[in-house]
Amino acid sequence: MEKLQIAIEHARKRRESKEAKAPPKDRTADEGAVNLVEQPDDAWAALKPFAPNARTLARNRIVVENDDGGAKTAIDILRTRLLTMMRANDWTRVMLTSPTSGCGKSTLAANLAMSLQRQEDLKILLIDLDLQQMSLGDKLGLSPEKGVADFLSGSVSATDQFHRIGENLAVSVGRSRAIVERELLKSAGAQRQIDAAEAALKPDIVLFDMPPVFATDDTIFAAGFVDCAVVIGAAEQTTIAELEEVEQDLAQYTNIAGVVLNKSRFAPKHAGYGYKYR
């Protein structure tokens with residue numbers, strides 16, 4: 001509980017800092033750090049470029065630009081609804097989670113990131129924080145030399161670990177079958193690393209792919225440092241009781257942006273995802 005309270009206090013201070021005036025440029029601080037924060041384009045240019053293979057994306061149900069079915073439209077609508085809500089509330093960080101595994105949250109996270117990336121005026125970070133079952137890298141076809149756990153532990157910087165897709169999407173994924181210390185995300189160092197990446201790259205939105213709520217306490221902990229959560233359920237798998245329990249648990253620590261119903265066989269022909277928003 002002590003760690004959870006620290007995370008909540010950390011999130012409160014971060015949100016309050018958004019409302020404060022920007023500090024003057026001549027403040028006494030490390031000049032290198034100030035330059036990095038004030039010149040995000042340089043930080044983005046320093047990221048390793050990565051171009052996902054179209055066949056890999058299609059095989060993993062990641063919608064591509066020239067998709068002629070209804071999935072792209074459904075994802076784009078979800079993107080726009082979420083963006084509108086986040087802009088109205090001055091939110092930046094959103095987690096995607098589910099009650100249990102197998103609901104397709106990582107697939108949805110990748111799809112949402114790729115949809116946001118098509119809006120060239122946006123800058124997006126996508127970070128895989130499902131540290132025990134990291135799958136985003138496989139879905140994108142990205143196998144980094146250093147994984148997200150190396151970034152969170154502080155052994156590498158965001159510049160050395162993140163990969164850039166196009167000019168405006170940066171992704172941090174894990175290495176396949178990497179063994180990750182279970183309490184890593186709860187460390188103060190991990191929080192500093194995430195804050196530093198956000199300060200350097202100045203994204204408009206940060207997507208965190210989190211573990212299922214019932215699988216670990218990492219998601220409840222992370223709810224203390226995000227602005228909102230999207231909960232994904234799977235048709236004919238997730239129960240209403242499970243969704244309600246997850247909403248109630250997360251609502252104690254963050255805002256619930258919406259609930260997405262995935263894998264529905266009875267959705268309209270033009271929709272790949274069913275969804276509801278408050």
# chains A, B, ... in the order shown; residues from 1 in each chain; ligands from 1
>>> closest_atom_pairs(of="segment 166-208 of chain A", to="segment 118-123 of chain A", cutoff="7 Å", atoms="only C-alpha atoms", output="CSV")
residue,atom,partner,partner_atom,distance
A:Asn168,CA,A:Lys123,CA,4.6
A:Leu169,CA,A:Lys123,CA,6.0
A:Pro203,CA,A:Lys123,CA,4.7
A:Asp204,CA,A:Lys123,CA,5.3
A:Ile205,CA,A:Lys123,CA,6.8
>>> residues_around(residues="segment 237-245 of chain A", least_positions_apart="3", cutoff="10 Å", atoms="only C-alpha atoms", output="list in words")
Ser98, Pro99, Thr100, Ser101, Gly102, Cys103, Val213, Phe214, Val231, Ile232, Gly233, Ala234, Gln248, Asp249, Leu250, Ala251, Val259, Leu261, Asn262 and Lys263 of chain A
>>> select_by_dssp(residues="segment 128-221 of chain A", states="helix (DSSP H, G or I)", output="JSON, numbers by chain")
{"A": [136, 137, 138, 139, 140, 148, 149, 150, 151, 152, 153, 158, 159, 160, 161, 184, 185, 186, 188, 189, 190, 191, 192, 193, 194, 195, 196, 197, 198, 199, 200, 201, 218, 219, 220, 221]}
>>> write_last_selection(atoms="C-alpha atoms", output="PDB file, in the first residue's frame")
ATOM      1  CA  LEU A 136       3.955  -5.988 -28.580  1.00  0.00           C
ATOM      2  CA  GLY A 137       7.387  -6.575 -30.087  1.00  0.00           C
ATOM      3  CA  ASP A 138       6.248  -9.815 -31.707  1.00  0.00           C
ATOM      4  CA  LYS A 139       3.108  -8.175 -33.077  1.00  0.00           C
ATOM      5  CA  LEU A 140       5.141  -5.381 -34.661  1.00  0.00           C
ATOM      6  CA  VAL A 148      11.853  -2.153 -22.087  1.00  0.00           C
ATOM      7  CA  ALA A 149      13.069  -3.687 -18.817  1.00  0.00           C
ATOM      8  CA  ASP A 150      16.565  -2.371 -19.553  1.00  0.00           C
ATOM      9  CA  PHE A 151      15.061   1.077 -20.071  1.00  0.00           C
ATOM     10  CA  LEU A 152      12.999   0.942 -16.870  1.00  0.00           C
ATOM     11  CA  SER A 153      16.000  -0.217 -14.834  1.00  0.00           C
ATOM     12  CA  ALA A 158      15.011   6.157 -24.061  1.00  0.00           C
ATOM     13  CA  THR A 159      17.145   7.317 -26.991  1.00  0.00           C
ATOM     14  CA  ASP A 160      19.050   4.028 -26.971  1.00  0.00           C
ATOM     15  CA  GLN A 161      16.046   1.754 -26.389  1.00  0.00           C
ATOM     16  CA  LEU A 184      10.619  -3.489 -11.499  1.00  0.00           C
ATOM     17  CA  LEU A 185       7.696  -1.281 -12.485  1.00  0.00           C
ATOM     18  CA  LYS A 186       7.130  -0.257  -8.866  1.00  0.00           C
ATOM     19  CA  ALA A 188      11.262   4.826  -8.171  1.00  0.00           C
ATOM     20  CA  GLY A 189      13.856   4.483 -10.906  1.00  0.00           C
ATOM     21  CA  ALA A 190      11.303   3.130 -13.361  1.00  0.00           C
ATOM     22  CA  GLN A 191       9.039   6.104 -12.682  1.00  0.00           C
ATOM     23  CA  ARG A 192      11.926   8.498 -13.287  1.00  0.00           C
ATOM     24  CA  GLN A 193      12.771   6.788 -16.572  1.00  0.00           C
ATOM     25  CA  ILE A 194       9.196   7.135 -17.841  1.00  0.00           C
ATOM     26  CA  ASP A 195       9.082  10.774 -16.750  1.00  0.00           C
ATOM     27  CA  ALA A 196      12.430  11.456 -18.438  1.00  0.00           C
ATOM     28  CA  ALA A 197      11.291   9.894 -21.725  1.00  0.00           C
ATOM     29  CA  GLU A 198       8.132  11.980 -21.693  1.00  0.00           C
ATOM     30  CA  ALA A 199      10.071  15.150 -20.885  1.00  0.00           C
ATOM     31  CA  ALA A 200      12.577  14.523 -23.674  1.00  0.00           C
ATOM     32  CA  LEU A 201      10.172  13.472 -26.426  1.00  0.00           C
ATOM     33  CA  ASP A 218       1.246  -3.825 -11.622  1.00  0.00           C
ATOM     34  CA  THR A 219      -1.853  -2.409 -13.327  1.00  0.00           C
ATOM     35  CA  ILE A 220      -3.399  -1.087 -10.115  1.00  0.00           C
ATOM     36  CA  PHE A 221      -0.047   0.451  -9.258  1.00  0.00           C
TER      37      PHE A 221
END
>>> residues_around(residues="Val94 of chain A", least_positions_apart="5", cutoff="6 Å", atoms="only C-alpha atoms", output="list in words")
Leu207, Val226, Asp227, Cys228 and Ala229 of chain A
>>> write_last_selection(atoms="N, CA and C atoms", output="compact mmCIF listing (two decimals), in the first residue's frame")
# COMPACT_ATOMS: atom_id res chain seq x y z
N LEU A 207 0.71 5.75 -24.68
CA LEU A 207 -0.09 4.54 -24.51
C LEU A 207 0.72 3.50 -23.74
N VAL A 226 -1.08 7.29 -14.44
CA VAL A 226 -1.68 7.59 -15.75
C VAL A 226 -2.88 8.51 -15.53
N ASP A 227 -3.35 9.10 -16.62
CA ASP A 227 -4.49 10.01 -16.53
C ASP A 227 -5.82 9.28 -16.70
N CYS A 228 -5.81 8.18 -17.44
CA CYS A 228 -7.06 7.46 -17.68
C CYS A 228 -6.76 6.03 -18.12
N ALA A 229 -7.81 5.23 -18.16
CA ALA A 229 -7.67 3.82 -18.54
C ALA A 229 -8.76 3.44 -19.53
>>> atom_distance(atom1="atom CA of Gly70 of chain A", atom2="atom CA of Arg55 of chain A")
18.6 Å
>>> atom_distance(atom1="atom CA of Thr92 of chain A", atom2="atom CA of Ala222 of chain A")
14.1 Å
>>> closest_residue(among="A:Met86, A:Ala109, A:Asn60, A:Leu126", to="Asn255 of chain A", atoms="only C-alpha atoms")
A:Met86
>>> atom_distance(atom1="atom CA of Pro144 of chain A", atom2="atom CA of Arg175 of chain A")
6.2 Å
>>> closest_residue(among="A:Ile165, A:Ser157, A:Ile124, A:Asp41", to="Arg93 of chain A", atoms="only C-alpha atoms")
A:Ile124
>>> select_by_dssp(residues="segment 33-143 of chain A", states="strand (DSSP E or B)", output="list in words")
Lys48, Pro49, Arg93, Val94, Met95, Leu96, Thr97, Ile124, Leu125, Leu126, Ile127 and Asp128 of chain A
>>> closest_residue(among="A:Gln252, A:Met114, A:His163, A:Thr107", to="Arg79 of chain A", atoms="only C-alpha atoms")
A:Met114
>>> residues_around(residues="Thr216 of chain A", least_positions_apart="5", cutoff="10 Å", atoms="only C-alpha atoms", output="list of chain:residue names")
A:Asp130, A:Gln132, A:Arg182, A:Met210, A:Pro211, A:Phe221
>>> write_last_selection(atoms="all heavy atoms", output="short mmCIF file (atom, residue, chain, number, x, y, z; two decimals), in the first residue's frame")
data_model
loop_
_atom_site.label_atom_id
_atom_site.label_comp_id
_atom_site.auth_asym_id
_atom_site.auth_seq_id
_atom_site.Cartn_x
_atom_site.Cartn_y
_atom_site.Cartn_z
N ASP A 130 3.47 -4.76 -19.94
CA ASP A 130 3.03 -6.10 -19.54
C ASP A 130 4.30 -6.94 -19.43
O ASP A 130 4.61 -7.78 -20.29
CB ASP A 130 2.07 -6.67 -20.59
CG ASP A 130 1.36 -7.92 -20.10
OD1 ASP A 130 1.78 -8.47 -19.05
OD2 ASP A 130 0.41 -8.36 -20.77
N GLN A 132 5.62 -9.40 -17.81
CA GLN A 132 5.76 -10.85 -17.73
C GLN A 132 5.27 -11.55 -19.00
O GLN A 132 5.60 -12.72 -19.23
CB GLN A 132 4.99 -11.38 -16.51
CG GLN A 132 5.40 -10.75 -15.20
CD GLN A 132 6.89 -10.89 -14.91
OE1 GLN A 132 7.49 -11.93 -15.18
NE2 GLN A 132 7.50 -9.84 -14.37
N ARG A 182 10.01 -8.93 -11.02
CA ARG A 182 8.57 -8.69 -10.89
C ARG A 182 8.22 -7.33 -10.31
O ARG A 182 7.16 -6.78 -10.62
CB ARG A 182 7.92 -9.80 -10.06
CG ARG A 182 7.78 -11.11 -10.82
CD ARG A 182 6.91 -12.10 -10.06
NE ARG A 182 6.67 -13.30 -10.86
CZ ARG A 182 5.69 -13.43 -11.74
NH1 ARG A 182 4.86 -12.43 -11.94
NH2 ARG A 182 5.54 -14.55 -12.43
N MET A 210 -0.76 -2.52 -20.52
CA MET A 210 -0.60 -3.04 -19.16
C MET A 210 -1.04 -4.50 -19.07
O MET A 210 -1.77 -4.98 -19.93
CB MET A 210 -1.42 -2.21 -18.17
CG MET A 210 -1.02 -0.75 -18.08
SD MET A 210 0.72 -0.48 -17.61
CE MET A 210 0.82 -1.43 -16.09
N PRO A 211 -0.65 -5.20 -18.01
CA PRO A 211 -1.11 -6.57 -17.82
C PRO A 211 -2.61 -6.60 -17.49
O PRO A 211 -3.19 -5.59 -17.10
CB PRO A 211 -0.29 -7.06 -16.61
CG PRO A 211 0.79 -6.07 -16.42
CD PRO A 211 0.30 -4.78 -16.97
N PHE A 221 -1.12 -0.48 -9.60
CA PHE A 221 -0.05 0.45 -9.26
C PHE A 221 0.10 1.52 -10.33
O PHE A 221 0.18 2.71 -10.04
CB PHE A 221 1.28 -0.31 -9.09
CG PHE A 221 2.44 0.59 -8.75
CD1 PHE A 221 2.68 0.94 -7.43
CD2 PHE A 221 3.27 1.08 -9.74
CE1 PHE A 221 3.75 1.77 -7.12
CE2 PHE A 221 4.33 1.91 -9.44
CZ PHE A 221 4.58 2.26 -8.12
#
